$ cat coords21.txt   # compact mmCIF, C-alpha atoms
# COMPACT_ATOMS: atom_id res chain seq x y z
CA MET A 1 19.67 29.77 5.86
CA GLN A 2 20.92 27.91 8.94
CA LEU A 3 18.22 25.27 8.38
CA LEU A 4 19.36 24.77 4.79
CA GLU A 5 22.97 24.37 5.95
CA TYR A 6 21.82 21.71 8.40
CA PHE A 7 20.09 19.67 5.70
CA TYR A 8 22.97 20.15 3.26
CA ASP A 9 25.49 18.81 5.78
CA ARG A 10 23.28 16.00 7.10
CA ASN A 11 24.46 12.43 6.51
CA ASN A 12 21.87 10.69 4.32
CA GLU A 13 23.65 7.38 3.81
CA LEU A 14 21.72 4.14 4.29
CA THR A 15 23.24 1.46 6.49
CA THR A 16 21.34 -1.30 4.69
CA TYR A 17 18.96 -1.39 1.73
CA HIS A 18 17.01 -4.22 0.11
CA GLN A 19 16.36 -3.73 -3.57
CA ARG A 20 12.73 -3.21 -4.54
CA LYS A 21 10.99 -3.95 -7.84
CA PHE A 22 10.78 -0.19 -8.32
CA THR A 23 13.46 2.29 -9.35
CA VAL A 24 13.62 6.07 -9.37
CA LYS A 25 12.88 7.31 -12.88
CA ASP A 26 15.59 9.34 -14.57
CA VAL A 27 13.43 12.41 -15.12
CA ASN A 28 13.70 16.07 -14.14
CA ARG A 29 10.55 16.24 -12.00
CA LEU A 30 9.24 13.27 -10.04
CA LEU A 31 6.58 12.72 -7.36
CA ILE A 32 6.92 9.48 -5.41
CA TYR A 33 3.82 8.74 -3.35
CA GLY A 34 2.26 5.85 -1.47
CA SER A 35 1.11 4.70 1.93
CA PRO A 36 3.20 5.48 5.03
CA HIS A 37 6.15 3.16 5.70
CA SER A 38 6.19 1.85 2.14
CA GLY A 39 9.90 2.59 1.76
CA LYS A 40 9.73 5.77 -0.34
CA SER A 41 12.53 7.55 1.52
CA SER A 42 14.83 4.53 1.43
CA LEU A 43 14.25 4.13 -2.32
CA VAL A 44 15.32 7.73 -2.91
CA LEU A 45 18.25 7.62 -0.48
CA ASP A 46 19.57 4.58 -2.33
CA TYR A 47 19.21 6.45 -5.62
CA LEU A 48 21.16 9.41 -4.25
CA MET A 49 24.23 7.19 -4.00
CA ASN A 50 24.64 7.99 -7.72
CA TYR A 51 25.44 11.61 -6.81
CA GLU A 52 28.23 13.31 -4.94
CA ALA A 53 27.08 14.53 -1.52
CA GLU A 54 27.85 18.15 -2.51
CA GLU A 55 25.35 17.92 -5.40
CA VAL A 56 22.40 16.94 -3.18
CA LEU A 57 20.03 18.89 -0.95
CA TYR A 58 17.72 16.53 0.95
CA ILE A 59 15.06 18.35 2.98
CA ASP A 60 12.94 16.32 5.39
CA PHE A 61 9.78 18.19 6.40
CA LEU A 62 9.24 15.85 9.36
CA ASP A 63 12.51 16.94 10.92
CA PRO A 64 11.76 18.48 14.36
CA LYS A 65 13.79 21.57 13.46
CA PHE A 66 10.87 22.65 11.28
CA GLN A 67 8.66 23.14 14.33
CA PHE A 68 9.81 26.72 14.96
CA ARG A 69 11.28 27.65 11.59
CA ASP A 70 10.02 28.24 8.05
CA MET A 71 11.85 27.89 4.77
CA MET A 72 11.46 30.60 2.16
CA GLU A 73 11.54 29.94 -1.60
CA GLU A 74 14.11 32.67 -2.27
CA ASP A 75 16.49 31.23 0.34
CA VAL A 76 16.27 27.79 -1.25
CA GLU A 77 16.87 29.21 -4.74
CA GLY A 78 19.89 31.17 -3.58
CA PHE A 79 21.30 28.16 -1.72
CA ILE A 80 20.92 25.93 -4.79
CA GLN A 81 22.77 28.37 -6.99
CA ALA A 82 25.50 29.16 -4.48
CA ASN A 83 26.33 25.48 -3.92
CA GLU A 84 25.75 24.29 -7.50
CA ILE A 85 23.23 21.69 -6.33
CA LYS A 86 21.99 19.31 -9.00
CA ILE A 87 19.23 17.44 -7.17
CA VAL A 88 16.76 18.53 -4.49
CA VAL A 89 14.60 16.06 -2.55
CA LEU A 90 11.56 17.27 -0.59
CA ASP A 91 10.68 14.39 1.73
CA HIS A 92 7.41 14.16 3.70
CA TYR A 93 6.44 17.22 1.73
CA THR A 94 3.14 18.98 2.36
CA HIS A 95 1.85 19.97 -1.05
CA GLU A 96 1.70 23.73 -1.64
CA TYR A 97 4.18 24.48 1.18
CA PHE A 98 6.11 26.38 -1.48
CA GLU A 99 4.16 28.68 -3.79
CA ILE A 100 6.87 28.06 -6.38
CA LEU A 101 8.83 24.81 -6.37
CA PRO A 102 12.64 25.03 -6.36
CA LEU A 103 14.28 25.47 -9.77
CA VAL A 104 16.92 22.78 -10.01
CA GLU A 105 18.21 20.25 -12.53
CA LYS A 106 16.31 17.40 -10.80
CA LEU A 107 13.53 17.66 -8.22
CA ILE A 108 12.06 14.69 -6.32
CA ILE A 109 9.04 15.12 -4.06
CA ILE A 110 8.12 12.34 -1.59
CA SER A 111 4.65 12.30 -0.07
CA ASP A 112 1.96 10.01 1.30
CA ARG A 113 -0.52 11.73 -1.01
CA PHE A 114 -0.83 12.08 -4.76
CA TYR A 115 -0.88 15.61 -6.12
CA ASP A 116 -1.23 16.72 -9.73
CA TYR A 117 1.78 18.92 -10.43
CA THR A 118 0.97 19.41 -14.14
CA GLU A 119 2.46 17.63 -17.13
CA GLU A 120 6.11 18.42 -16.38
CA PHE A 121 6.06 15.85 -13.53
CA GLU A 122 6.39 12.07 -13.73
CA TYR A 123 4.79 9.93 -11.00
CA LEU A 124 5.72 6.76 -9.15
CA GLN A 125 3.33 5.10 -6.70
CA LEU A 126 5.21 2.88 -4.25
CA PRO A 127 3.07 0.22 -2.54
CA LEU A 128 3.92 -1.90 0.47
CA LEU A 129 5.71 -5.18 -0.21
CA ASP A 130 4.12 -7.85 -2.33
CA TYR A 131 4.93 -11.49 -1.60
CA GLU A 132 7.72 -11.76 -4.19
CA GLU A 133 9.54 -8.77 -2.71
CA PHE A 134 9.04 -10.06 0.82
CA PHE A 135 10.48 -13.42 -0.30
CA SER A 136 13.52 -11.74 -1.88
CA PHE A 137 14.27 -9.95 1.41
CA GLN A 138 14.66 -13.25 3.28
CA LYS A 139 18.13 -14.74 3.65
CA ARG A 140 16.93 -18.29 4.19
CA GLY A 141 13.84 -20.49 4.30
CA GLY A 142 11.75 -22.39 1.77
CA GLU A 143 8.52 -21.16 0.20
CA VAL A 144 6.23 -22.59 2.88
CA GLN A 145 8.37 -21.20 5.70
CA VAL A 146 8.60 -17.73 4.09
CA PHE A 147 4.86 -17.73 3.34
CA ASN A 148 4.07 -18.44 7.00
CA TYR A 149 6.41 -15.65 8.02
CA PHE A 150 4.77 -13.29 5.51
CA LEU A 151 1.36 -14.16 6.93
CA ARG A 152 2.54 -13.27 10.45
CA GLN A 153 4.49 -10.12 9.59
CA GLY A 154 2.47 -8.43 6.85
CA THR A 155 3.68 -6.09 4.12
CA LEU A 156 5.51 -3.24 5.88
CA PRO A 157 9.11 -3.38 4.52
CA LEU A 158 10.70 -2.91 7.95
CA LEU A 159 9.02 -6.06 9.28
CA ALA A 160 10.47 -8.13 6.46
CA THR A 161 14.02 -7.47 7.64
CA LYS A 162 13.88 -6.69 11.36
CA SER A 163 13.45 -9.09 14.27
CA ILE A 164 11.67 -6.55 16.50
CA PRO A 165 8.16 -7.53 17.67
CA LYS A 166 5.63 -6.43 15.06
CA GLU A 167 3.29 -5.13 17.76
CA GLN A 168 6.00 -2.69 18.83
CA LEU A 169 6.52 -1.49 15.26
CA PHE A 170 2.78 -1.24 14.60
CA GLN A 171 2.31 0.91 17.71
CA THR A 172 5.15 3.23 16.72
CA PHE A 173 3.91 3.38 13.14
CA ILE A 174 0.35 4.31 14.13
CA GLN A 175 1.39 6.92 16.68
CA SER A 176 3.86 8.60 14.33
CA HIS A 177 1.62 8.77 11.24
CA PHE A 178 -1.90 9.32 12.61
CA ASP A 179 -3.49 11.65 15.15
CA SER A 180 -5.79 10.34 17.89
CA SER A 181 -8.97 10.73 15.84
CA GLU A 182 -7.40 8.98 12.83
CA GLN A 183 -6.19 6.15 15.06
CA LYS A 184 -9.76 5.47 16.16
CA LEU A 185 -10.95 5.50 12.56
CA LEU A 186 -8.16 3.08 11.61
CA ALA A 187 -9.53 0.55 14.10
CA ILE A 188 -13.02 0.91 12.63
CA LEU A 189 -11.76 0.49 9.07
CA ALA A 190 -9.84 -2.61 10.13
CA HIS A 191 -13.02 -3.96 11.72
CA PHE A 192 -14.86 -3.62 8.39
CA ASN A 193 -11.98 -4.98 6.30
CA THR A 194 -13.29 -7.22 3.44
CA SER A 195 -16.87 -6.09 4.16
CA VAL A 196 -19.32 -4.35 1.83
CA VAL A 197 -19.85 -1.01 3.54
CA THR A 198 -20.72 2.62 2.79
CA THR A 199 -19.12 5.76 4.16
CA HIS A 200 -22.38 6.54 5.95
CA GLN A 201 -22.32 3.12 7.66
CA LEU A 202 -18.75 3.76 8.78
CA TYR A 203 -19.82 7.13 10.20
CA SER A 204 -22.81 5.59 12.01
CA TYR A 205 -20.62 2.90 13.56
CA ALA A 206 -17.99 5.46 14.59
CA LYS A 207 -20.32 8.03 16.17
CA ASP A 208 -21.75 5.35 18.47
CA ARG A 209 -18.25 4.77 19.84
CA TYR A 210 -16.57 8.17 19.99
CA LYS A 211 -17.31 11.83 19.35
CA ILE A 212 -16.85 12.58 15.67
CA SER A 213 -18.53 14.92 13.19
CA LYS A 214 -19.85 13.70 9.87
CA ASP A 215 -17.75 16.21 7.93
CA LEU A 216 -14.56 15.14 9.70
CA ILE A 217 -15.00 11.41 9.21
CA TYR A 218 -15.94 11.85 5.55
CA ARG A 219 -12.81 13.96 5.07
CA GLN A 220 -10.62 11.45 6.92
CA ILE A 221 -11.94 8.54 4.84
CA LYS A 222 -11.20 10.47 1.63
CA GLU A 223 -7.68 11.23 2.90
CA PHE A 224 -7.13 7.57 3.77
CA LYS A 225 -8.18 6.61 0.25
CA ASP A 226 -5.77 9.18 -1.20
CA ARG A 227 -2.97 7.86 1.02
CA GLY A 228 -3.62 4.24 0.04
CA ILE A 229 -4.68 3.21 3.54
CA ILE A 230 -7.95 1.78 2.22
CA THR A 231 -9.30 0.78 -1.16
CA PHE A 232 -12.94 0.44 -2.15
CA ILE A 233 -13.61 -2.26 -4.76
CA THR A 234 -16.81 -2.02 -6.81
CA ASP A 235 -19.05 -5.09 -6.94
CA TYR A 236 -19.47 -6.72 -10.35
CA ASN A 237 -23.15 -7.55 -9.92
CA ASN A 238 -24.11 -4.44 -7.95
CA PRO A 239 -22.01 -1.38 -8.93
CA LYS A 240 -23.49 0.64 -6.05
CA SER A 241 -21.89 -1.73 -3.53
CA LYS A 242 -18.22 -1.46 -2.64
CA LYS A 243 -16.00 -3.73 -0.58
CA LEU A 244 -13.46 -2.15 1.78
CA ILE A 245 -9.89 -3.48 1.71
CA PHE A 246 -7.36 -2.43 4.37
CA PHE A 247 -3.81 -1.81 3.18
CA ASP A 248 -2.08 -4.40 5.39
CA PHE A 249 -3.62 -7.66 6.60
CA ALA A 250 -1.34 -8.04 9.62
CA LEU A 251 -1.99 -4.48 10.82
CA ALA A 252 -5.75 -5.02 10.42
CA LYS A 253 -5.51 -8.03 12.73
CA TYR A 254 -3.50 -5.98 15.23
CA LEU A 255 -6.18 -3.26 15.32
CA THR A 256 -9.27 -5.41 15.85
CA LEU A 257 -10.44 -8.80 17.09
CA THR A 258 -12.76 -9.35 14.12
CA GLN A 259 -10.07 -10.18 11.57
CA ASN A 260 -10.03 -13.98 11.56
CA PHE A 261 -7.75 -16.03 9.34
CA PRO A 262 -10.12 -16.25 6.31
CA LYS A 263 -10.41 -12.45 6.25
CA GLN A 264 -6.64 -12.08 6.59
CA PHE A 265 -6.09 -14.54 3.78
CA GLU A 266 -8.64 -12.83 1.53
CA THR A 267 -6.96 -9.49 2.13
CA MET A 268 -3.61 -11.00 1.24
CA VAL A 269 -5.04 -12.27 -2.06
CA VAL A 270 -6.74 -8.99 -2.97
CA LEU A 271 -3.70 -6.88 -2.11
CA SER A 272 -1.60 -9.11 -4.34
CA LEU A 273 -3.96 -8.45 -7.25
CA ILE A 274 -3.91 -4.71 -6.55
CA LYS A 275 -0.11 -4.60 -6.34
CA HIS A 276 0.17 -6.50 -9.61
CA ASN A 277 -2.13 -3.89 -11.20
CA VAL A 278 -4.76 -6.49 -12.07
CA PRO A 279 -8.11 -4.71 -12.63
CA ILE A 280 -10.71 -6.42 -10.43
CA LYS A 281 -14.26 -6.14 -9.18
CA ALA A 282 -15.75 -7.90 -6.19
CA PHE A 283 -17.87 -10.93 -7.14
CA SER A 284 -19.86 -11.26 -3.95
CA PRO A 285 -19.96 -13.46 -2.04
CA VAL A 286 -17.37 -15.74 -3.60
CA GLY A 287 -14.35 -13.77 -4.79
CA TYR A 288 -13.04 -11.23 -7.30
CA ILE A 289 -13.37 -11.14 -11.07
CA THR A 290 -10.67 -9.71 -13.32
CA ASP A 291 -11.10 -7.73 -16.51
CA LYS A 292 -10.20 -10.96 -18.36
CA HIS A 293 -13.12 -12.68 -16.64
CA ASN A 294 -11.02 -14.95 -14.49
CA LEU A 295 -12.52 -15.50 -11.05
CA ILE A 296 -10.19 -15.46 -8.04
CA VAL A 297 -11.56 -17.19 -4.96
CA SER A 298 -9.88 -17.15 -1.57
CA ALA A 299 -10.48 -20.59 -0.02
CA PRO A 300 -7.56 -21.31 2.31
CA PHE A 301 -8.63 -24.77 3.53
CA GLU A 302 -11.45 -25.97 1.24
CA SER A 303 -10.94 -29.44 -0.18
CA GLU A 304 -11.72 -30.35 -3.77
CA GLU A 305 -14.95 -32.10 -2.75
CA ILE A 306 -16.26 -29.13 -0.75
CA PHE A 307 -15.38 -26.59 -3.41
CA TRP A 308 -16.85 -28.73 -6.20
CA LYS A 309 -20.21 -28.82 -4.37
CA LYS A 310 -20.17 -25.05 -3.93
CA ALA A 311 -19.18 -24.52 -7.55
CA GLN A 312 -22.12 -26.64 -8.73
CA LYS A 313 -24.54 -24.40 -6.81
CA ARG A 314 -22.97 -21.19 -8.14
CA PHE A 315 -22.20 -22.35 -11.65
CA SER A 316 -25.08 -20.48 -13.26
CA SER A 317 -23.83 -17.17 -11.83
CA TYR A 318 -20.34 -17.98 -13.12
CA LYS A 319 -21.70 -18.60 -16.62
CA LYS A 320 -23.81 -15.45 -16.50
CA ALA A 321 -20.66 -13.42 -15.74
CA ASN A 322 -18.84 -15.18 -18.60
CA VAL A 323 -16.17 -16.53 -16.25
CA LYS A 324 -13.32 -18.11 -18.24
CA LYS A 325 -11.44 -19.80 -15.41
CA VAL A 326 -11.70 -20.07 -11.63
CA TYR A 327 -8.52 -19.83 -9.57
CA ILE A 328 -8.91 -21.16 -6.03
CA VAL A 329 -6.20 -19.74 -3.79
CA THR A 330 -5.39 -22.01 -0.85
CA VAL A 331 -2.81 -22.33 1.90
CA THR A 332 -1.33 -25.66 0.79
CA LEU A 333 -3.98 -27.55 -1.24
CA GLN A 334 -3.64 -28.13 -4.95
CA TYR A 335 -6.21 -29.70 -7.31
CA SER A 336 -8.14 -29.07 -10.52
CA PHE A 337 -11.41 -30.09 -12.16
CA LYS A 338 -13.85 -28.99 -14.83
CA ILE A 339 -17.55 -28.30 -14.91
CA GLU A 340 -18.66 -28.35 -18.54
CA ASP A 341 -15.96 -26.32 -20.29
CA MET A 342 -15.03 -24.17 -17.26
CA GLU A 343 -11.71 -24.96 -15.60
CA PHE A 344 -11.19 -24.78 -11.84
CA GLU A 345 -7.62 -24.78 -10.50
CA ALA A 346 -6.59 -24.65 -6.86
CA LEU A 347 -3.08 -23.46 -6.01
CA PRO A 348 -1.23 -22.55 -2.82
CA PHE A 349 -0.90 -18.80 -2.45
CA TYR A 350 2.87 -18.84 -2.96
CA GLU A 351 2.45 -20.61 -6.32
CA TRP A 352 -0.57 -18.66 -7.51
CA VAL A 353 1.04 -15.30 -6.71
CA VAL A 354 3.75 -15.92 -9.31
CA ILE A 355 1.19 -16.03 -12.12
CA ASN A 356 -1.50 -13.67 -10.82
CA ASP A 357 -0.35 -10.69 -12.88
CA GLU A 358 -1.49 -12.69 -15.91
CA ASP A 359 -4.97 -13.19 -14.47
$ encode --input "coords21.txt" --output "structure tokens"
Amino acid sequence: MQLLEYFYDRNNELTTYHQRKFTVKDVNRLLIYGSPHSGKSSLVLDYLMNYEAEEVLYIDFLDPKFQFRDMMEEDVEGFIQANEIKIVVLDHYTHEYFEILPLVEKLIIISDRFYDYTEEFEYLQLPLLDYEEFFSFQKRGGEVQVFNYFLRQGTLPLLATKSIPKEQLFQTFIQSHFDSSEQKLLAILAHFNTSVVTTHQLYSYAKDRYKISKDLIYRQIKEFKDRGIITFITDYNNPKSKKLIFFDFALAKYLTLTQNFPKQFETMVVLSLIKHNVPIKAFSPVGYITDKHNLIVSAPFESEEIFWKKAQKRFSSYKKANVKKVYIVTVTLQYSFKIEDMEFEALPFYEWVVINDED
């Protein structure tokens, strides 16, 4: 009971908060999940400003006071009733910690992982920042300036608003969210970012560099997929092939020396499509094709002349895939042309990203 009193009396006010595209749904049961450091806790803490402090019980399962104490379901139920609590938040919750979830007017669970809590629950997946959100967080600067800053900082919300060195934040982030074995795997996944790779290939590469069992690395990769750390994108022409995408392009560069600018830029483009919920498949080796048969090609510095020559060579494969339009995403270049009745349009990333949810 002493632990519950501590959480009930704890100050949960935010000093600052930048509004996201996402809001907490007004439902009785809600699971908010997404990759670490995506801002889930801040989103909920901002929402709790709608309640009186006496109506809220916010339990953080990462609090160090949990190390030598447990929390029993019956104690929570009694505490809720005794204090007439209307909303309970279980942050950093390990699914199945409670055999029976607390009975309360509103329950919000926050976790890195998705869990199916039956039909009575609603779900909200919170991703890292997309470019539009990152832009809205900035107090000054034009589009080009903010884009360059976005490219340097990445998509972790804290880096969009803080002036601390990103290397310092990345180190803290990795050490606080991943054990030593997972940290090694993170570096390997970053190394293979934007590559077509199988889980077995990842295991083979890992076991040559550190001691790891096949069962463990397969389990870790599945957990990373569930937590949104990596995404595997199926290839349009070869469904057995899948391209690995790391969840943050700046962090991938921090973890390995193999992430050059073209790979960073490609990751930025793909993550934007994912965050805009655009269904895509990899169209190796040139880009990504949407369910509307628009082709998205990451070509940060390619001039119109160079891209036109490449398009001529690949045109038959475009026609075979029934491509409607080709979007060429660049850093600053802008141009357009046609080959037969197929339109090609090159746009800077910060202009293309505004329309990419229509792709």
$ closest_atom_pairs --input "coords21.txt" --of "range 126-185 of chain A" --to "range 243-247 of chain A" --cutoff "10 Å" --atoms "all atoms listed in the file" --output "JSON lines"
{"residue": "A:Pro127", "atom": "CA", "partner": "A:Phe247", "partner_atom": "CA", "distance": 9.2}
{"residue": "A:Leu128", "atom": "CA", "partner": "A:Phe247", "partner_atom": "CA", "distance": 8.2}
{"residue": "A:Gly154", "atom": "CA", "partner": "A:Phe247", "partner_atom": "CA", "distance": 9.8}
{"residue": "A:Thr155", "atom": "CA", "partner": "A:Phe247", "partner_atom": "CA", "distance": 8.7}
{"residue": "A:Leu156", "atom": "CA", "partner": "A:Phe247", "partner_atom": "CA", "distance": 9.8}
$ atom_distance --input "coords21.txt" --atom1 "CA of Lys166 in chain A" --atom2 "CA of Ala250 in chain A"
9.0 Å
$ closest_atom_pairs --input "coords21.txt" --of "range 216-244 of chain A" --to "range 174-183 of chain A" --cutoff "12 Å" --atoms "only C-alpha atoms" --output "CSV"
residue,atom,partner,partner_atom,distance
A:Leu216,CA,A:Ser181,CA,9.4
A:Ile217,CA,A:Glu182,CA,8.8
A:Tyr218,CA,A:Glu182,CA,11.6
A:Arg219,CA,A:Glu182,CA,10.7
A:Gln220,CA,A:Glu182,CA,7.2
A:Ile221,CA,A:Glu182,CA,9.2
A:Lys222,CA,A:Glu182,CA,11.9
A:Glu223,CA,A:Glu182,CA,10.2
A:Phe224,CA,A:Glu182,CA,9.2
A:Arg227,CA,A:His177,CA,11.2
A:Ile229,CA,A:Glu182,CA,11.3
$ atom_distance --input "coords21.txt" --atom1 "CA of Asp291 in chain A" --atom2 "CA of Val331 in chain A"
24.9 Å
$ atom_distance --input "coords21.txt" --atom1 "CA of Leu129 in chain A" --atom2 "CA of Pro157 in chain A"
6.1 Å
$ residues_around --input "coords21.txt" --residues "Gly78 in chain A" --least-positions-apart "6" --cutoff "12 Å" --atoms "all atoms listed in the file" --output "list of chain:residue names"
A:Met1, A:Leu4, A:Met72, A:Glu84, A:Ile85, A:Pro102, A:Leu103, A:Val104
$ residues_around --input "coords21.txt" --residues "Tyr17 in chain A" --least-positions-apart "2" --cutoff "8 Å" --atoms "all atoms listed in the file" --output "PyMOL selection string"
chain A and resi 14-15+19+42+46
$ write_last_selection --input "coords21.txt" --atoms "C-alpha atoms" --output "PDB file, in the frame of the given file"
ATOM      1  CA  LEU A  14      21.720   4.140   4.290  1.00  0.00           C
ATOM      2  CA  THR A  15      23.240   1.460   6.490  1.00  0.00           C
ATOM      3  CA  GLN A  19      16.360  -3.730  -3.570  1.00  0.00           C
ATOM      4  CA  SER A  42      14.830   4.530   1.430  1.00  0.00           C
ATOM      5  CA  ASP A  46      19.570   4.580  -2.330  1.00  0.00           C
TER       6      ASP A  46
END
$ residues_near_point --input "coords21.txt" --point "(10.3, -9.2, -1.1)" --cutoff "10 Å" --atoms "all atoms listed in the file" --output "list of chain:residue names"
A:His18, A:Gln19, A:Arg20, A:Lys21, A:Leu128, A:Leu129, A:Asp130, A:Tyr131, A:Glu132, A:Glu133, A:Phe134, A:Phe135, A:Ser136, A:Phe137, A:Gln138, A:Phe150, A:Thr155, A:Pro157, A:Ala160, A:Thr161
$ write_last_selection --input "coords21.txt" --atoms "C-alpha atoms" --output "mmCIF file, in the coordinates of the input"
data_model
loop_
_atom_site.group_PDB
_atom_site.id
_atom_site.type_symbol
_atom_site.label_atom_id
_atom_site.label_comp_id
_atom_site.auth_asym_id
_atom_site.auth_seq_id
_atom_site.Cartn_x
_atom_site.Cartn_y
_atom_site.Cartn_z
ATOM 1 C CA HIS A 18 17.010 -4.220 0.110
ATOM 2 C CA GLN A 19 16.360 -3.730 -3.570
ATOM 3 C CA ARG A 20 12.730 -3.210 -4.540
ATOM 4 C CA LYS A 21 10.990 -3.950 -7.840
ATOM 5 C CA LEU A 128 3.920 -1.900 0.470
ATOM 6 C CA LEU A 129 5.710 -5.180 -0.210
ATOM 7 C CA ASP A 130 4.120 -7.850 -2.330
ATOM 8 C CA TYR A 131 4.930 -11.490 -1.600
ATOM 9 C CA GLU A 132 7.720 -11.760 -4.190
ATOM 10 C CA GLU A 133 9.540 -8.770 -2.710
ATOM 11 C CA PHE A 134 9.040 -10.060 0.820
ATOM 12 C CA PHE A 135 10.480 -13.420 -0.300
ATOM 13 C CA SER A 136 13.520 -11.740 -1.880
ATOM 14 C CA PHE A 137 14.270 -9.950 1.410
ATOM 15 C CA GLN A 138 14.660 -13.250 3.280
ATOM 16 C CA PHE A 150 4.770 -13.290 5.510
ATOM 17 C CA THR A 155 3.680 -6.090 4.120
ATOM 18 C CA PRO A 157 9.110 -3.380 4.520
ATOM 19 C CA ALA A 160 10.470 -8.130 6.460
ATOM 20 C CA THR A 161 14.020 -7.470 7.640
#
$ residues_around --input "coords21.txt" --residues "Val56 in chain A" --least-positions-apart "4" --cutoff "10 Å" --atoms "all atoms listed in the file" --output "ChimeraX atom specification"
/A:7-9,12,48-49,51-52,80,83-89,106
$ residues_around --input "coords21.txt" --residues "range 275-284 of chain A" --least-positions-apart "3" --cutoff "9 Å" --atoms "only C-alpha atoms" --output "JSON, numbers by chain"
{"A": [127, 128, 129, 130, 233, 234, 235, 236, 237, 238, 242, 243, 270, 271, 272, 287, 288, 289, 290, 291, 292, 295, 296, 356, 357, 358, 359]}
$ residues_around --input "coords21.txt" --residues "Ser336 in chain A" --least-positions-apart "6" --cutoff "10 Å" --atoms "all atoms listed in the file" --output "PyMOL selection string"
chain A and resi 304+308+326-328+343-347
$ closest_residue --input "coords21.txt" --among "A:Leu126, A:Ala187, A:Leu333, A:Ile110" --to "Glu305 in chain A" --atoms "all atoms listed in the file"
A:Leu333
$ residues_near_point --input "coords21.txt" --point "(0.5, -20.3, -1.9)" --cutoff "10 Å" --atoms "only C-alpha atoms" --output "ChimeraX atom specification"
/A:131,143-144,147-148,269,300,329-334,346-354
$ closest_residue --input "coords21.txt" --among "A:Leu151, A:Leu43, A:Leu90, A:Ile274" --to "Gly228 in chain A" --atoms "all atoms listed in the file"
A:Ile274
$ closest_residue --input "coords21.txt" --among "A:Val44, A:Val27, A:Leu3, A:Ala53" --to "Phe68 in chain A" --atoms "only C-alpha atoms"
A:Leu3
